[in-house]
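Everything below belongs to final_13.txt, which stores compact mmCIF, C-alpha atoms.
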# COMPACT_ATOMS: atom_id res chain seq x y z
CA MET A 27 62.40 43.47 -15.22
CA ALA A 28 60.64 43.50 -18.59
CA PHE A 29 61.23 40.59 -20.92
CA ASN A 30 63.43 41.56 -23.90
CA PHE A 31 63.01 39.06 -26.72
CA GLU A 32 66.12 39.99 -28.75
CA GLU A 33 68.38 40.24 -25.70
CA ASN A 34 67.33 36.76 -24.63
CA LEU A 35 68.13 35.34 -28.07
CA SER A 36 71.60 36.89 -28.05
CA ARG A 37 72.23 35.69 -24.50
CA LEU A 38 71.30 32.10 -25.38
CA LEU A 39 73.55 32.06 -28.46
CA THR A 40 76.44 33.46 -26.40
CA ARG A 41 75.89 30.84 -23.67
CA TYR A 42 75.80 28.07 -26.28
CA ASP A 43 79.20 29.14 -27.61
CA GLU A 44 80.56 29.44 -24.06
CA LEU A 45 79.45 25.90 -23.24
CA GLN A 46 81.17 24.52 -26.31
CA ALA A 47 84.43 26.22 -25.29
CA LEU A 48 84.09 25.07 -21.66
CA MET A 49 83.53 21.46 -22.72
CA ASN A 50 86.71 21.56 -24.79
CA GLU A 51 88.63 22.82 -21.75
CA SER A 52 86.96 20.64 -19.09
CA SER A 53 89.02 17.79 -17.60
CA GLY A 54 86.61 16.39 -15.00
CA ALA A 55 83.99 13.82 -16.01
CA ALA A 56 81.30 15.19 -13.69
CA LYS A 57 81.79 18.77 -14.85
CA PHE A 58 81.81 17.69 -18.50
CA ALA A 59 78.55 15.78 -18.01
CA GLN A 60 76.94 18.85 -16.45
CA LEU A 61 78.12 21.13 -19.27
CA SER A 62 77.14 18.69 -22.01
CA LYS A 63 73.62 18.33 -20.58
CA GLU A 64 73.10 22.11 -20.63
CA TYR A 65 74.60 22.24 -24.12
CA SER A 66 72.28 19.48 -25.31
CA ASP A 67 69.24 21.14 -23.72
CA LEU A 68 70.02 24.43 -25.48
CA GLY A 69 70.61 22.78 -28.86
CA PRO A 70 67.00 22.71 -30.15
CA ILE A 71 66.23 26.36 -29.30
CA VAL A 72 69.57 27.51 -30.73
CA GLU A 73 68.66 25.82 -34.01
CA GLN A 74 65.32 27.65 -33.96
CA ILE A 75 67.04 30.99 -33.30
CA GLN A 76 69.48 30.40 -36.13
CA SER A 77 66.62 29.51 -38.48
CA LEU A 78 64.81 32.70 -37.42
CA ARG A 79 67.85 34.86 -38.11
CA ARG A 80 68.41 33.27 -41.52
CA ALA A 81 64.77 33.87 -42.41
CA ARG A 82 65.02 37.49 -41.29
CA ALA A 83 68.11 38.03 -43.45
CA GLU A 84 66.34 36.51 -46.45
CA LEU A 85 63.31 38.70 -45.72
CA ALA A 86 65.52 41.83 -45.75
CA ASP A 87 67.03 40.78 -49.10
CA ALA A 88 63.60 40.15 -50.60
CA GLU A 89 62.39 43.54 -49.37
CA ALA A 90 65.36 45.25 -51.00
CA MET A 91 64.78 43.43 -54.29
CA ALA A 92 61.10 44.38 -54.21
CA THR A 93 62.07 48.04 -54.56
CA GLY A 94 64.29 47.47 -57.63
CA ASP A 95 63.78 48.77 -61.16
CA ASP A 96 63.04 45.44 -62.90
CA PRO A 97 59.22 44.89 -62.83
CA GLU A 98 59.53 41.10 -63.24
CA MET A 99 62.09 40.83 -60.44
CA ARG A 100 59.95 43.09 -58.24
CA ALA A 101 56.94 40.80 -58.68
CA LEU A 102 58.98 37.72 -57.78
CA ALA A 103 60.58 39.50 -54.82
CA GLU A 104 57.20 40.68 -53.49
CA GLU A 105 55.88 37.13 -53.61
CA GLU A 106 58.96 35.87 -51.78
CA PHE A 107 58.69 38.74 -49.28
CA HIS A 108 55.15 37.75 -48.27
CA ARG A 109 56.14 34.09 -47.92
CA LEU A 110 59.17 34.92 -45.78
CA LYS A 111 57.20 37.38 -43.67
CA ALA A 112 54.79 34.59 -42.70
CA GLU A 113 57.71 32.23 -42.05
CA VAL A 114 59.43 34.78 -39.78
CA ARG A 115 56.18 35.31 -37.86
CA ASP A 116 55.79 31.55 -37.30
CA LEU A 117 59.43 31.13 -36.26
CA GLU A 118 59.17 34.02 -33.79
CA ALA A 119 56.13 32.38 -32.21
CA GLN A 120 57.96 29.05 -31.94
CA VAL A 121 61.01 30.66 -30.34
CA GLN A 122 58.85 32.59 -27.88
CA LEU A 123 57.22 29.36 -26.76
CA ALA A 124 60.64 27.72 -26.42
CA LEU A 125 61.78 30.60 -24.18
CA ILE A 126 59.02 29.96 -21.63
CA PRO A 127 60.64 28.54 -18.46
CA LYS A 128 60.04 24.81 -18.31
CA ASP A 129 58.64 22.99 -15.31
CA GLU A 130 61.54 20.75 -14.28
CA ALA A 131 59.06 17.97 -13.51
CA ASP A 132 57.44 17.92 -16.98
CA ALA A 133 59.67 15.12 -18.27
CA LYS A 134 59.13 12.96 -15.20
CA ASN A 135 56.91 9.94 -14.76
CA ALA A 136 53.79 10.47 -12.68
CA ILE A 137 51.87 9.03 -9.76
CA LEU A 138 48.14 9.09 -10.47
CA GLU A 139 45.65 8.94 -7.61
CA VAL A 140 41.86 8.80 -8.14
CA ARG A 141 39.47 8.90 -5.18
CA ALA A 142 35.70 8.78 -4.90
CA GLY A 143 34.23 12.07 -3.64
CA THR A 144 30.63 12.97 -2.86
CA GLY A 145 27.95 10.67 -4.24
CA GLY A 146 28.29 7.32 -2.48
CA GLU A 147 28.46 4.22 -4.69
CA GLU A 148 27.96 6.27 -7.86
CA ALA A 149 31.04 8.36 -7.00
CA ALA A 150 33.04 5.17 -6.56
CA LEU A 151 31.82 3.86 -9.93
CA PHE A 152 32.78 7.15 -11.58
CA ALA A 153 36.21 7.02 -9.93
CA ALA A 154 36.67 3.58 -11.50
CA ASP A 155 35.61 4.96 -14.89
CA LEU A 156 38.11 7.83 -14.62
CA PHE A 157 40.91 5.47 -13.62
CA ARG A 158 40.19 3.26 -16.64
CA MET A 159 40.06 6.39 -18.84
CA TYR A 160 43.61 7.26 -17.83
CA GLU A 161 44.69 3.64 -18.28
CA ARG A 162 43.38 3.69 -21.86
CA TYR A 163 44.98 7.10 -22.47
CA ALA A 164 48.32 5.74 -21.25
CA ALA A 165 48.01 2.75 -23.58
CA ARG A 166 47.39 5.07 -26.55
CA LYS A 167 50.50 7.08 -25.60
CA GLY A 168 52.63 3.97 -25.30
CA TRP A 169 53.14 4.59 -21.57
CA LYS A 170 53.42 1.91 -18.92
CA PHE A 171 50.50 1.96 -16.47
CA GLU A 172 51.24 -0.01 -13.30
CA ILE A 173 48.55 -0.33 -10.66
CA VAL A 174 49.95 0.32 -7.18
CA ASP A 175 46.83 -0.07 -5.05
CA ILE A 176 43.06 -0.26 -5.50
CA SER A 177 40.40 -0.15 -2.82
CA GLU A 178 37.22 -1.55 -4.40
CA THR A 179 33.57 -1.39 -3.43
CA GLY A 180 31.19 -4.30 -3.62
CA ILE A 181 29.74 -3.39 -7.03
CA GLY A 182 32.93 -2.59 -8.92
CA GLY A 183 33.59 0.99 -7.89
CA PHE A 184 36.88 2.34 -6.55
CA LYS A 185 37.12 4.17 -3.24
CA GLU A 186 40.74 4.86 -4.16
CA ALA A 187 43.07 3.78 -6.97
CA ILE A 188 46.74 4.57 -7.44
CA ALA A 189 48.93 3.95 -10.49
CA ASN A 190 52.51 4.62 -11.50
CA VAL A 191 52.58 5.95 -15.08
CA THR A 192 55.94 5.86 -16.88
CA GLY A 193 56.88 7.14 -20.31
CA ARG A 194 57.91 10.27 -22.16
CA ASN A 195 56.66 13.60 -20.74
CA VAL A 196 53.99 11.87 -18.66
CA PHE A 197 53.71 14.57 -15.99
CA ALA A 198 53.57 17.33 -18.63
CA ARG A 199 50.53 15.67 -20.22
CA LEU A 200 48.71 14.69 -17.02
CA LYS A 201 49.43 17.52 -14.56
CA PHE A 202 46.35 19.55 -15.54
CA GLU A 203 44.10 16.60 -14.65
CA SER A 204 44.53 17.31 -10.93
CA GLY A 205 41.25 18.47 -9.45
CA VAL A 206 37.64 17.56 -8.87
CA HIS A 207 35.83 15.85 -11.73
CA ARG A 208 32.03 15.94 -11.63
CA VAL A 209 29.69 13.50 -13.35
CA GLN A 210 26.00 13.86 -14.22
CA ARG A 211 24.29 10.64 -15.27
CA VAL A 212 21.71 8.03 -14.37
CA PRO A 213 23.54 5.72 -11.95
CA ALA A 214 23.52 1.98 -12.37
CA THR A 215 22.31 1.90 -8.77
CA GLU A 216 19.27 4.10 -9.51
CA ALA A 217 16.08 2.25 -10.34
CA GLN A 218 13.99 5.36 -11.05
CA GLY A 219 16.14 6.65 -13.92
CA ARG A 220 16.91 9.99 -12.29
CA ILE A 221 20.07 11.92 -13.13
CA HIS A 222 22.47 12.12 -10.22
CA THR A 223 25.52 14.32 -9.68
CA SER A 224 28.60 12.96 -7.96
CA ALA A 225 32.32 13.62 -7.98
CA ALA A 226 35.78 12.11 -7.84
CA THR A 227 39.14 13.73 -7.18
CA VAL A 228 42.25 13.24 -9.28
CA ALA A 229 45.77 14.03 -8.08
CA VAL A 230 48.78 13.81 -10.37
CA MET A 231 52.26 14.08 -8.84
CA PRO A 232 55.67 13.87 -10.48
CA GLU A 233 57.60 10.75 -9.58
CA ALA A 234 60.51 11.71 -7.35
CA GLU A 235 64.06 10.52 -7.85
CA ASP A 236 66.60 10.10 -5.07
CA VAL A 237 68.20 13.44 -5.97
CA ASP A 238 64.81 15.17 -5.63
CA ILE A 239 63.93 14.10 -2.12
CA GLU A 240 65.86 12.64 0.79
CA ILE A 241 64.05 10.65 3.47
CA ASN A 242 65.57 9.80 6.84
CA PRO A 243 64.97 6.06 7.43
CA ALA A 244 64.36 6.88 11.10
CA ASP A 245 61.27 8.85 10.03
CA LEU A 246 59.62 5.75 8.54
CA ARG A 247 57.41 3.11 10.11
CA ILE A 248 57.18 0.07 7.83
CA GLU A 249 54.54 -2.58 8.48
CA THR A 250 53.79 -5.82 6.64
CA MET A 251 50.44 -7.57 6.57
CA ARG A 252 48.39 -9.99 4.57
CA SER A 253 46.76 -8.64 1.44
CA GLN A 254 43.00 -8.21 1.37
CA GLY A 255 40.49 -8.79 -1.41
CA ALA A 256 40.73 -10.77 -4.61
CA GLY A 257 44.15 -11.84 -5.75
CA GLY A 258 44.73 -15.58 -5.41
CA GLN A 259 46.12 -17.87 -2.73
CA HIS A 260 48.91 -15.50 -1.71
CA VAL A 261 46.32 -13.09 -0.37
CA ASN A 262 45.65 -15.13 2.73
CA LYS A 263 48.94 -17.02 3.14
CA THR A 264 51.73 -14.43 2.84
CA ASP A 265 52.44 -11.09 4.47
CA SER A 266 53.09 -9.42 1.11
CA ALA A 267 51.20 -6.16 1.67
CA VAL A 268 53.30 -3.24 2.86
CA ARG A 269 52.28 -0.05 4.65
CA ILE A 270 54.83 2.75 5.03
CA THR A 271 54.15 5.77 7.24
CA HIS A 272 56.20 8.96 7.18
CA ILE A 273 56.02 9.88 10.85
CA PRO A 274 56.77 13.65 10.61
CA THR A 275 53.98 14.32 8.10
CA GLY A 276 51.61 11.45 8.84
CA PHE A 277 51.59 10.46 5.15
CA PHE A 278 51.14 6.75 4.63
CA VAL A 279 51.03 4.46 1.61
CA LYS A 280 49.81 0.89 1.40
CA CYS A 281 50.64 -1.40 -1.51
CA GLN A 282 49.47 -4.98 -2.00
CA GLU A 283 49.19 -5.49 -5.77
CA ASN A 284 52.28 -7.72 -6.04
CA LYS A 285 52.91 -11.13 -4.55
CA SER A 286 56.41 -9.89 -3.72
CA GLN A 287 56.74 -7.95 -0.48
CA HIS A 288 59.93 -6.37 -1.86
CA LYS A 289 58.13 -5.03 -4.95
CA ASN A 290 55.25 -3.73 -2.85
CA ARG A 291 57.73 -1.95 -0.58
CA ASP A 292 59.52 -0.34 -3.56
CA ARG A 293 56.27 0.89 -5.03
CA ALA A 294 55.00 2.23 -1.72
CA MET A 295 58.27 4.13 -1.25
CA SER A 296 57.92 5.57 -4.75
CA ILE A 297 54.45 6.91 -3.92
CA LEU A 298 55.61 8.30 -0.58
CA LYS A 299 58.56 10.08 -2.21
CA ALA A 300 56.23 11.56 -4.82
CA ARG A 301 53.91 12.96 -2.14
CA LEU A 302 56.79 14.50 -0.18
CA TYR A 303 58.35 15.87 -3.37
CA ASP A 304 55.03 17.40 -4.33
CA VAL A 305 54.82 19.15 -0.95
CA GLN A 306 58.37 20.40 -1.43
CA ARG A 307 57.55 21.74 -4.89
CA GLN A 308 54.52 23.56 -3.51
CA ALA A 309 56.60 25.17 -0.77
CA LEU A 310 59.14 26.41 -3.33
CA ASP A 311 56.55 27.63 -5.80
CA ALA A 312 53.80 29.74 -4.28
CA LYS A 313 51.89 30.08 -7.54
CA ARG A 314 51.72 26.34 -8.10
CA SER A 315 50.61 25.89 -4.51
CA ALA A 316 47.74 28.31 -5.05
CA ASP A 317 46.77 26.58 -8.29
CA ARG A 318 46.75 23.19 -6.61
CA LYS A 319 44.56 24.41 -3.76
CA SER A 320 42.00 25.57 -6.27
CA GLN A 321 42.11 22.29 -8.18
CA VAL A 322 42.47 19.51 -5.66
CA GLY A 323 39.81 19.67 -3.00
CA SER A 324 37.75 17.41 -0.80
CA GLY A 325 35.60 16.00 -3.57
CA ASP A 326 32.72 18.39 -2.96
CA ARG A 327 30.60 19.07 -6.06
CA SER A 328 31.20 22.83 -5.92
CA GLU A 329 35.00 22.46 -6.30
CA ARG A 330 35.13 21.23 -9.85
CA ILE A 331 37.44 21.59 -12.83
CA ARG A 332 35.52 19.41 -15.27
CA THR A 333 31.98 18.06 -15.73
CA TYR A 334 31.05 14.88 -17.60
CA ASN A 335 27.38 15.08 -18.61
CA PHE A 336 26.37 11.68 -20.01
CA PRO A 337 22.73 12.45 -20.97
CA GLN A 338 23.92 15.29 -23.22
CA GLY A 339 27.12 13.54 -24.29
CA ARG A 340 29.34 16.48 -23.34
CA VAL A 341 32.49 17.14 -21.35
CA THR A 342 33.15 20.69 -20.11
CA ASP A 343 36.42 21.95 -18.67
CA HIS A 344 35.50 24.95 -16.55
CA ARG A 345 39.02 26.43 -16.35
CA ILE A 346 39.14 27.25 -20.05
CA ASN A 347 35.42 27.11 -20.86
CA ILE A 348 35.77 24.40 -23.49
CA THR A 349 32.99 21.88 -24.18
CA LEU A 350 33.37 18.74 -26.28
CA TYR A 351 30.35 16.77 -27.42
CA LYS A 352 32.28 13.51 -27.55
CA ILE A 353 32.05 12.03 -24.09
CA ASP A 354 32.50 8.44 -25.30
CA GLU A 355 35.78 9.36 -27.01
CA VAL A 356 37.03 11.17 -23.92
CA MET A 357 36.17 8.27 -21.61
CA ASP A 358 37.89 5.91 -24.06
CA GLY A 359 41.06 8.01 -23.79
CA ALA A 360 41.04 8.98 -27.46
CA GLY A 361 39.43 12.39 -26.91
CA LEU A 362 41.47 13.39 -23.88
CA ASP A 363 44.31 14.87 -25.95
CA GLU A 364 42.04 17.65 -27.20
CA LEU A 365 41.43 18.80 -23.63
CA VAL A 366 45.07 18.40 -22.61
CA ASP A 367 46.27 20.35 -25.67
CA ALA A 368 43.85 23.20 -24.94
CA LEU A 369 44.90 23.39 -21.28
CA THR A 370 48.59 23.33 -22.23
CA ALA A 371 48.09 26.10 -24.78
CA GLU A 372 46.23 28.23 -22.26
CA ASP A 373 48.98 27.73 -19.69
CA GLN A 374 51.67 28.64 -22.22
CA ALA A 375 49.79 31.78 -23.26
CA ALA A 376 49.43 32.86 -19.63
CA ARG A 377 53.11 32.32 -18.87
CA LEU A 378 54.14 34.09 -22.08
CA ALA A 379 51.96 37.07 -21.13
CA ALA A 380 53.57 37.12 -17.69
CA MET A 381 57.03 37.24 -19.30
CA ASN A 382 56.03 40.30 -21.32
Please re-express this file's structure in structure tokens.
Amino acid sequence: MAFNFEENLSRLLTRYDELQALMNESSGAAKFAQLSKEYSDLGPIVEQIQSLRRARAELADAEAMATGDDPEMRALAEEEFHRLKAEVRDLEAQVQLALIPKDEADAKNAILEVRAGTGGEEAALFAADLFRMYERYAARKGWKFEIVDISETGIGGFKEAIANVTGRNVFARLKFESGVHRVQRVPATEAQGRIHTSAATVAVMPEAEDVDIEINPADLRIETMRSQGAGGQHVNKTDSAVRITHIPTGFFVKCQENKSQHKNRDRAMSILKARLYDVQRQALDAKRSADRKSQVGSGDRSERIRTYNFPQGRVTDHRINITLYKIDEVMDGAGLDELVDALTAEDQAARLAAMN
């Protein structure tokens, strides 16, 4: 069915009024909470629609005055007509964007996983650089960045690093980072000064809540062990590390960053739920599943979404053909917003086109 802009506006305004009446009649607390949430969610777009309709009415009045007999009034009305015409155009664009169906996970926190791909030690060093880039980006956004697990190499690289990122609209801002990231630079491990190419994979999953995913305790195998690597005396003296395996899928998560076994278990369960929820979302949404397959691969250099070329100081996102000559800013987290904004805009434009 073709998307009808005006019909959708009228339907939303009617639903908003219906919700108000239903809340006045509702006697149950649970039902009232459900109605009030929908009412609250619709509030911002209803305000935009009302502003649009007021501007359209004013535009019609200005157009009528511009055809009057008084030359001075006509000149003023024509000026007002052009101003209101631009305002109506902007408001229509805003309302159209607001009408795009939202990803229910956009407002959720996120689980970030970075893994070294092809390239040996240099790939692990790049994975560590990417992980720190997201940590800095989170700090700039005022998000909480909690490390869940890191598997380090001998020279400071990361074979794998997992973090729980919490804050406002975290998944909405990070979801387009999923994929293979390629780097071209002279490795610290290269004595001859030759440029090498290596890769790391990034996966971003929405954090699952209990209402999103249900796990049968009988499907879990939970093991405790002593932590490994740097971390103080508790590493060798307490069984604080936790490994949880979901037997039906074979997914497993290990967490050892806390001294508390209880905290490690909670974090590992959070990661496991996120992975299972992500699989569930893919099964329910074929398009997202196809997108993910094209973005998250094995770490092979040919499956890339973005290239970081250090000798030339540029970062290129291949999905939208955008290149920024500010690699230091991007790696510091400050320049990442420009890429995220461009990817979000492209996604919105594609979904808007699909609606029409």
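Between Pro337 of chain A and the candidates A:Met159, A:Val212, A:Ala198, A:Ile176, the tightest atom-to-atom separation, counting all atoms listed in the file, involves A:Val212.
Distances to Arg247 of chain A were evaluated for A:Ala234, A:Arg162, A:Lys285, A:Arg291 using only C-alpha atoms, and the minimum falls at A:Arg291.
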Inset, instruction - Give me, please, the distance in Å between atom CA of Ala83 of chain A and atom CA of Glu106 of chain A, quoted to one decimal. - result: 12.6 Å
Inset, instruction - Work out how far apart atom CA of Ala149 of chain A and atom CA of Arg208 of chain A are and give it in Å to one decimal. - result: 8.9 Å
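A straight line drawn from atom CA of Lys134 of chain A to atom CA of Asp238 of chain A is 11.3 Å long.
Residue nearest Leu35 of chain A, chosen from A:Leu68, A:Ala90, A:Ala47, A:Leu362 and counting only C-alpha atoms: A:Leu68.
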Legend entry - Nearby residues (all atoms listed in the file) at most 8 Å from Leu117 of chain A, same-chain spacing under 5 positions excluded, as a list in words: Gln74, Ser77 and Leu78 of chain A
Selection above as a file: C-alpha atoms, as a short mmCIF file (atom, residue, chain, number, x, y, z; two decimals), in the frame of the given file:
data_model
loop_
_atom_site.label_atom_id
_atom_site.label_comp_id
_atom_site.auth_asym_id
_atom_site.auth_seq_id
_atom_site.Cartn_x
_atom_site.Cartn_y
_atom_site.Cartn_z
CA GLN A 74 65.32 27.65 -33.96
CA SER A 77 66.62 29.51 -38.48
CA LEU A 78 64.81 32.70 -37.42
#
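Excluding segment 153-155 of chain A itself and same-chain residues fewer than 3 positions from it, the residues having an atom within 6 Å of it are Ala142, Ala150, Arg158, Gly183, Phe184 and Ala226 of chain A, counting only C-alpha atoms.
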Please, could you write that set of residues out with C-alpha atoms as a compact mmCIF listing (two decimals), in the coordinates of the input?
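The resulting file, part_33.txt, is reproduced below:
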# COMPACT_ATOMS: atom_id res chain seq x y z
CA ALA A 142 35.70 8.78 -4.90
CA ALA A 150 33.04 5.17 -6.56
CA ARG A 158 40.19 3.26 -16.64
CA GLY A 183 33.59 0.99 -7.89
CA PHE A 184 36.88 2.34 -6.55
CA ALA A 226 35.78 12.11 -7.84
Legend entry - Residue among A:Ser204, A:Thr250, A:Asn50, A:Asn290 lying closest to Val366 of chain A, counting only C-alpha atoms: A:Ser204
Legend entry - Pick from A:Thr349, A:Met357, A:Arg100, A:Arg307 nearest to Phe157 of chain A, counting only C-alpha atoms: A:Met357
Inset, instruction - For each of A:Asp292, A:Glu364, A:Glu233, A:Asp116, take the minimum atom-to-atom distance to Ala81 of chain A, counting all atoms listed in the file, then give the residue where this is smallest. - result: A:Asp116
First collect every listed atom of segment 286-291 of chain A; then fit an axis-aligned box around them, widen it by 8 Å on each side, and give centre and edge lengths in Å to one decimal, as JSON.
{"center_x": 57.6, "center_y": -5.9, "center_z": -2.7, "size_x": 20.7, "size_y": 23.9, "size_z": 20.5}
Legend entry - Protein/DNA/RNA residues near (62.7, 13.2, -11.6), cut 10 Å, only C-alpha atoms, as JSON, numbers by chain: {"A": [130, 131, 132, 133, 134, 135, 136, 232, 233, 234, 235, 236, 237, 238, 239, 300, 303]}
What would the file be for segment 121-157 of chain A if you keep C-alpha atoms and write it as a short mmCIF file (atom, residue, chain, number, x, y, z; two decimals), in the first residue's frame?
data_model
loop_
_atom_site.label_atom_id
_atom_site.label_comp_id
_atom_site.auth_asym_id
_atom_site.auth_seq_id
_atom_site.Cartn_x
_atom_site.Cartn_y
_atom_site.Cartn_z
CA VAL A 121 7.27 15.40 10.24
CA GLN A 122 8.21 12.97 7.46
CA LEU A 123 11.32 11.96 9.37
CA ALA A 124 9.27 11.54 12.54
CA LEU A 125 6.89 9.21 10.68
CA ILE A 126 9.67 6.76 9.78
CA PRO A 127 9.15 3.57 11.83
CA LYS A 128 11.60 3.51 14.71
CA ASP A 129 13.86 0.59 15.53
CA GLU A 130 12.59 -0.49 18.95
CA ALA A 131 16.18 -1.13 20.03
CA ASP A 132 17.45 2.39 19.24
CA ALA A 133 16.96 3.65 22.79
CA LYS A 134 18.66 0.64 24.35
CA ASN A 135 22.14 0.33 25.77
CA ALA A 136 24.61 -1.65 23.69
CA ILE A 137 27.10 -4.48 23.91
CA LEU A 138 30.23 -3.65 21.92
CA GLU A 139 32.54 -6.41 20.74
CA VAL A 140 35.83 -5.76 18.90
CA ARG A 141 37.93 -8.64 17.56
CA ALA A 142 41.22 -8.79 15.70
CA GLY A 143 40.81 -10.06 12.12
CA THR A 144 43.44 -10.74 9.48
CA GLY A 145 46.87 -9.23 10.05
CA GLY A 146 48.39 -10.93 13.09
CA GLU A 147 49.78 -8.67 15.83
CA GLU A 148 49.01 -5.52 13.83
CA ALA A 149 45.33 -6.53 13.64
CA ALA A 150 45.30 -6.97 17.40
CA LEU A 151 46.90 -3.55 17.89
CA PHE A 152 44.31 -1.99 15.59
CA ALA A 153 41.50 -3.75 17.48
CA ALA A 154 42.84 -2.14 20.66
CA ASP A 155 42.91 1.27 18.94
CA LEU A 156 39.29 0.86 17.79
CA PHE A 157 38.17 -0.19 21.26
#
